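*Asks:* What follows is a single structure, and I will ask about it in a moment.
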Amino acid sequence: MVKEAFYRPDKNEYFNEWEFVDKVRDDTGFIPQLCLVATINEEIVGYIMLSKALIGKHAGLSLGPLAVKPSYQRKGIGKRLIDYGLNQAKDIGYEWIVLTGGDYYYQLGFEPALKYGIKLSDNHPENPYLKIKFLYNNKQVPGIVKYCDSFYDENGELL
Ligand SMILES: CC(C)(COP(=O)(O)OP(=O)(O)OC[C@H]1O[C@@H](n2cnc3c(N)ncnc32)[C@H](O)[C@@H]1OP(=O)(O)O)[C@@H](O)C(=O)NCCC(=O)NCCS
């Protein structure tokens with residue numbers, strides 16, 4: 001289902017989300033309780049994964065991938081998965097979630113991370129797309145985001 005949501009015939013799929021989710025499952029940053037599916041009549045129609053991340057020494061989460069089966073998109077399933085996943089994360093005690101993504105996430109309470117001096121690295125081209133949501137109204141100290149190992153290639157570059 002993740003492949004169905006992300007696959008584009010014209011895209012270089014060297015890095016792709018459906019193999020990536022398998023890789024994270026073997027990572028120390030994987031959190032089984034925060035890897036969730038949405039089902040309708042026992043069919044999987046949505047997927048969300050939250051994995052461990054750091055800003056400096058502060059532990060939090062990264063959101064992604066998020067995927068909804070194409071024929072079920074724009075019916076509120078993505079939003080429901082995020083709301084549910086973030087509530088679960090809050091119950092466990094996590095204080096913030098980062099992700100790299102588009103405007104979709106603003107309606108869900110995410111803010112530009114740069115506003116808080118939070119970056120992927122100095123001058124990283126994706127810094128403007130880095131978003132953060134604080135679950136307890138606490139505003140994280142500035143710093144560099146470090147995802148779990150599966151997010152980086154053999155040269156330490158973010159995939
Ligand atoms: C992005 C994605 C997860 C959204 O899930 P969804 O269930 O379709 O989204 P929702 O129904 O919860 O969205 C609610 C609102 O978000 C906005 N929205 C949703 N998908 C959008 C899109 N592709 N482009 C722009 N806005 C979008 C709309 O405002 C929508 O409300 P509306 O339909 O009343 O206009 C889904 O489209 C998907 O799987 N896309 C392919 C994979 C992907 O890009 N994943 C995200 C990157 S990790």
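Ordering of the structure tokens sets the chain letters (A, B, ...), residue numbers begin anew at 1 in every chain, and ligands are numbered from 1 in the order given.
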With range 32-42 of chain A as the partner and 10 Å as the cut-off, tabulate the residues of range 86-110 of chain A that qualify, each row holding the nearest pair of atoms and their distance in Å to one decimal, using only C-alpha atoms, sorted by chain and rising number, as CSV.
*Replies:*
residue,atom,partner,partner_atom,distance
A:Leu86,CA,A:Leu34,CA,8.7
A:Gln88,CA,A:Leu34,CA,7.2
A:Ala89,CA,A:Leu34,CA,7.1
A:Ile92,CA,A:Gln33,CA,9.5
*Asks:* When DSSP works through the backbone of this structure, what residues of chain A end up as strand (DSSP E), shown as JSON, numbers by chain?
*Replies:* {"A": [35, 36, 37, 38, 39, 40, 43, 44, 45, 46, 47, 48, 49, 50, 51, 52, 53, 54, 55, 58, 59, 60, 61, 62, 63, 64, 65, 66, 67, 68, 96, 97, 98, 99, 100, 111, 112, 118, 119, 130, 131, 132, 133, 134, 143, 144, 145, 146, 147]}
*Asks:* Residues at most 7 Å from Lys119 in chain A, counting only C-alpha atoms, excluding those fewer than 5 positions away in the same chain, as a list in words?
*Replies:*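 Once the adjacent positions are removed, what remains is Ala113, Leu114, Asn127, Gly143, Ile144 and Val145 of chain A.
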*Asks:* Could you tell me which of A:Lys146, A:Arg80, A:Arg8, A:Arg74 comes closest to ligand 1 if we count only C-alpha atoms and all ligand atoms?
*Replies:*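 Going through A:Lys146, A:Arg80, A:Arg8, A:Arg74 one by one, the smallest distance to ligand 1 is for A:Arg74.
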*Asks:* Check the smallest atom-to-atom distance from each of A:Tyr105, A:Tyr94, A:Tyr84, A:Phe6 to Leu130 in chain A using only C-alpha atoms, then report the winner.
*Replies:* A:Tyr105
*Asks:* Set the cut-off to 7 Å, count only C-alpha atoms and all ligand atoms, and list whatever residues fall near ligand 1 as a count of residues only.
*Replies:* 20
*Asks:* Please, which residues of range 2-154 of chain A, numbered as in this document, come out alpha helix (DSSP H) from DSSP, as a JSON list (two decimals) with N, CA and C atoms, in the first residue's frame?
*Replies:*
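And here is the file that came out, out_36.json:
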[["chain", "number", "residue", "atom", "x", "y", "z"],
["A", 2, "VAL", "N", 1.98, 1.21, 0.76],
["A", 2, "VAL", "CA", 2.88, 2.37, 0.78],
["A", 2, "VAL", "C", 3.43, 2.61, -0.63],
["A", 3, "LYS", "N", 3.75, 1.53, -1.33],
["A", 3, "LYS", "CA", 4.25, 1.67, -2.71],
["A", 3, "LYS", "C", 3.17, 2.26, -3.61],
["A", 4, "GLU", "N", 1.96, 1.78, -3.45],
["A", 4, "GLU", "CA", 0.85, 2.27, -4.27],
["A", 4, "GLU", "C", 0.68, 3.79, -4.08],
["A", 5, "ALA", "N", 0.86, 4.26, -2.84],
["A", 5, "ALA", "CA", 0.68, 5.69, -2.56],
["A", 5, "ALA", "C", 1.82, 6.53, -3.13],
["A", 6, "PHE", "N", 3.05, 5.99, -3.10],
["A", 6, "PHE", "CA", 4.20, 6.82, -3.46],
["A", 6, "PHE", "C", 4.73, 6.62, -4.87],
["A", 17, "GLU", "N", 10.07, 5.03, -0.47],
["A", 17, "GLU", "CA", 9.46, 4.94, 0.86],
["A", 17, "GLU", "C", 9.08, 3.52, 1.25],
["A", 18, "TRP", "N", 8.73, 2.67, 0.27],
["A", 18, "TRP", "CA", 8.25, 1.33, 0.64],
["A", 18, "TRP", "C", 9.39, 0.44, 1.09],
["A", 19, "GLU", "N", 10.61, 0.61, 0.53],
["A", 19, "GLU", "CA", 11.75, -0.16, 1.06],
["A", 19, "GLU", "C", 12.27, 0.49, 2.35],
["A", 20, "PHE", "N", 12.14, 1.80, 2.39],
["A", 20, "PHE", "CA", 12.57, 2.54, 3.57],
["A", 20, "PHE", "C", 11.83, 2.09, 4.84],
["A", 21, "VAL", "N", 10.51, 1.88, 4.74],
["A", 21, "VAL", "CA", 9.76, 1.49, 5.94],
["A", 21, "VAL", "C", 10.23, 0.12, 6.46],
["A", 22, "ASP", "N", 10.63, -0.77, 5.54],
["A", 22, "ASP", "CA", 11.17, -2.07, 5.97],
["A", 22, "ASP", "C", 12.50, -1.89, 6.70],
["A", 23, "LYS", "N", 13.31, -0.95, 6.17],
["A", 23, "LYS", "CA", 14.62, -0.70, 6.77],
["A", 23, "LYS", "C", 14.48, -0.17, 8.20],
["A", 24, "VAL", "N", 13.57, 0.75, 8.38],
["A", 24, "VAL", "CA", 13.40, 1.36, 9.71],
["A", 24, "VAL", "C", 12.93, 0.31, 10.73],
["A", 25, "ARG", "N", 12.17, -0.67, 10.25],
["A", 25, "ARG", "CA", 11.66, -1.70, 11.16],
["A", 25, "ARG", "C", 12.80, -2.44, 11.88],
["A", 77, "ILE", "N", -8.48, 10.42, 6.07],
["A", 77, "ILE", "CA", -7.75, 9.31, 6.70],
["A", 77, "ILE", "C", -6.34, 9.75, 7.14],
["A", 78, "GLY", "N", -5.67, 10.53, 6.30],
["A", 78, "GLY", "CA", -4.32, 11.03, 6.66],
["A", 78, "GLY", "C", -4.38, 11.83, 7.96],
["A", 79, "LYS", "N", -5.36, 12.71, 8.04],
["A", 79, "LYS", "CA", -5.51, 13.55, 9.23],
["A", 79, "LYS", "C", -5.80, 12.68, 10.46],
["A", 80, "ARG", "N", -6.69, 11.70, 10.30],
["A", 80, "ARG", "CA", -7.03, 10.80, 11.42],
["A", 80, "ARG", "C", -5.79, 10.04, 11.91],
["A", 81, "LEU", "N", -4.98, 9.57, 10.95],
["A", 81, "LEU", "CA", -3.77, 8.83, 11.31],
["A", 81, "LEU", "C", -2.80, 9.73, 12.09],
["A", 82, "ILE", "N", -2.67, 10.96, 11.65],
["A", 82, "ILE", "CA", -1.76, 11.89, 12.35],
["A", 82, "ILE", "C", -2.30, 12.19, 13.75],
["A", 83, "ASP", "N", -3.59, 12.52, 13.83],
["A", 83, "ASP", "CA", -4.18, 12.83, 15.14],
["A", 83, "ASP", "C", -3.99, 11.65, 16.11],
["A", 84, "TYR", "N", -4.29, 10.44, 15.61],
["A", 84, "TYR", "CA", -4.19, 9.26, 16.47],
["A", 84, "TYR", "C", -2.74, 9.00, 16.86],
["A", 85, "GLY", "N", -1.84, 9.05, 15.88],
["A", 85, "GLY", "CA", -0.42, 8.78, 16.13],
["A", 85, "GLY", "C", 0.17, 9.77, 17.12],
["A", 86, "LEU", "N", -0.20, 11.04, 16.96],
["A", 86, "LEU", "CA", 0.36, 12.06, 17.85],
["A", 86, "LEU", "C", -0.20, 11.93, 19.28],
["A", 87, "ASN", "N", -1.46, 11.54, 19.39],
["A", 87, "ASN", "CA", -2.02, 11.30, 20.73],
["A", 87, "ASN", "C", -1.32, 10.14, 21.41],
["A", 88, "GLN", "N", -1.07, 9.07, 20.65],
["A", 88, "GLN", "CA", -0.33, 7.93, 21.21],
["A", 88, "GLN", "C", 1.05, 8.38, 21.67],
["A", 89, "ALA", "N", 1.71, 9.18, 20.83],
["A", 89, "ALA", "CA", 3.06, 9.66, 21.14],
["A", 89, "ALA", "C", 3.05, 10.50, 22.42],
["A", 90, "LYS", "N", 2.03, 11.34, 22.53],
["A", 90, "LYS", "CA", 1.91, 12.20, 23.72],
["A", 90, "LYS", "C", 1.69, 11.34, 24.97],
["A", 91, "ASP", "N", 0.84, 10.32, 24.85],
["A", 91, "ASP", "CA", 0.58, 9.42, 25.99],
["A", 91, "ASP", "C", 1.88, 8.76, 26.46],
["A", 92, "ILE", "N", 2.75, 8.41, 25.50],
["A", 92, "ILE", "CA", 4.02, 7.77, 25.88],
["A", 92, "ILE", "C", 4.95, 8.80, 26.53]]
*Asks:* Quick one: distance from CA of Val45 in chain A to CA of Asp10 in chain A in Å, one decimal?
*Replies:* 23.8 Å
*Asks:* So how far away is CA of Tyr116 in chain A from CA of Gly102 in chain A, in Å?
*Replies:*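 So the answer is 17.8 Å.
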*Asks:* Set the distance at 10 Å and use only C-alpha atoms: which residues neighbour Asp149 in chain A once local chain neighbours fewer than 3 positions away are removed? I'd like the list as a list in words.
*Replies:*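 Everything that qualifies: Lys23, Val24, Asp27, Thr28, Gly29, Lys52, Ala53, Lys146, Tyr152, Asp153, Glu154, Gly156 and Leu158 of chain A.
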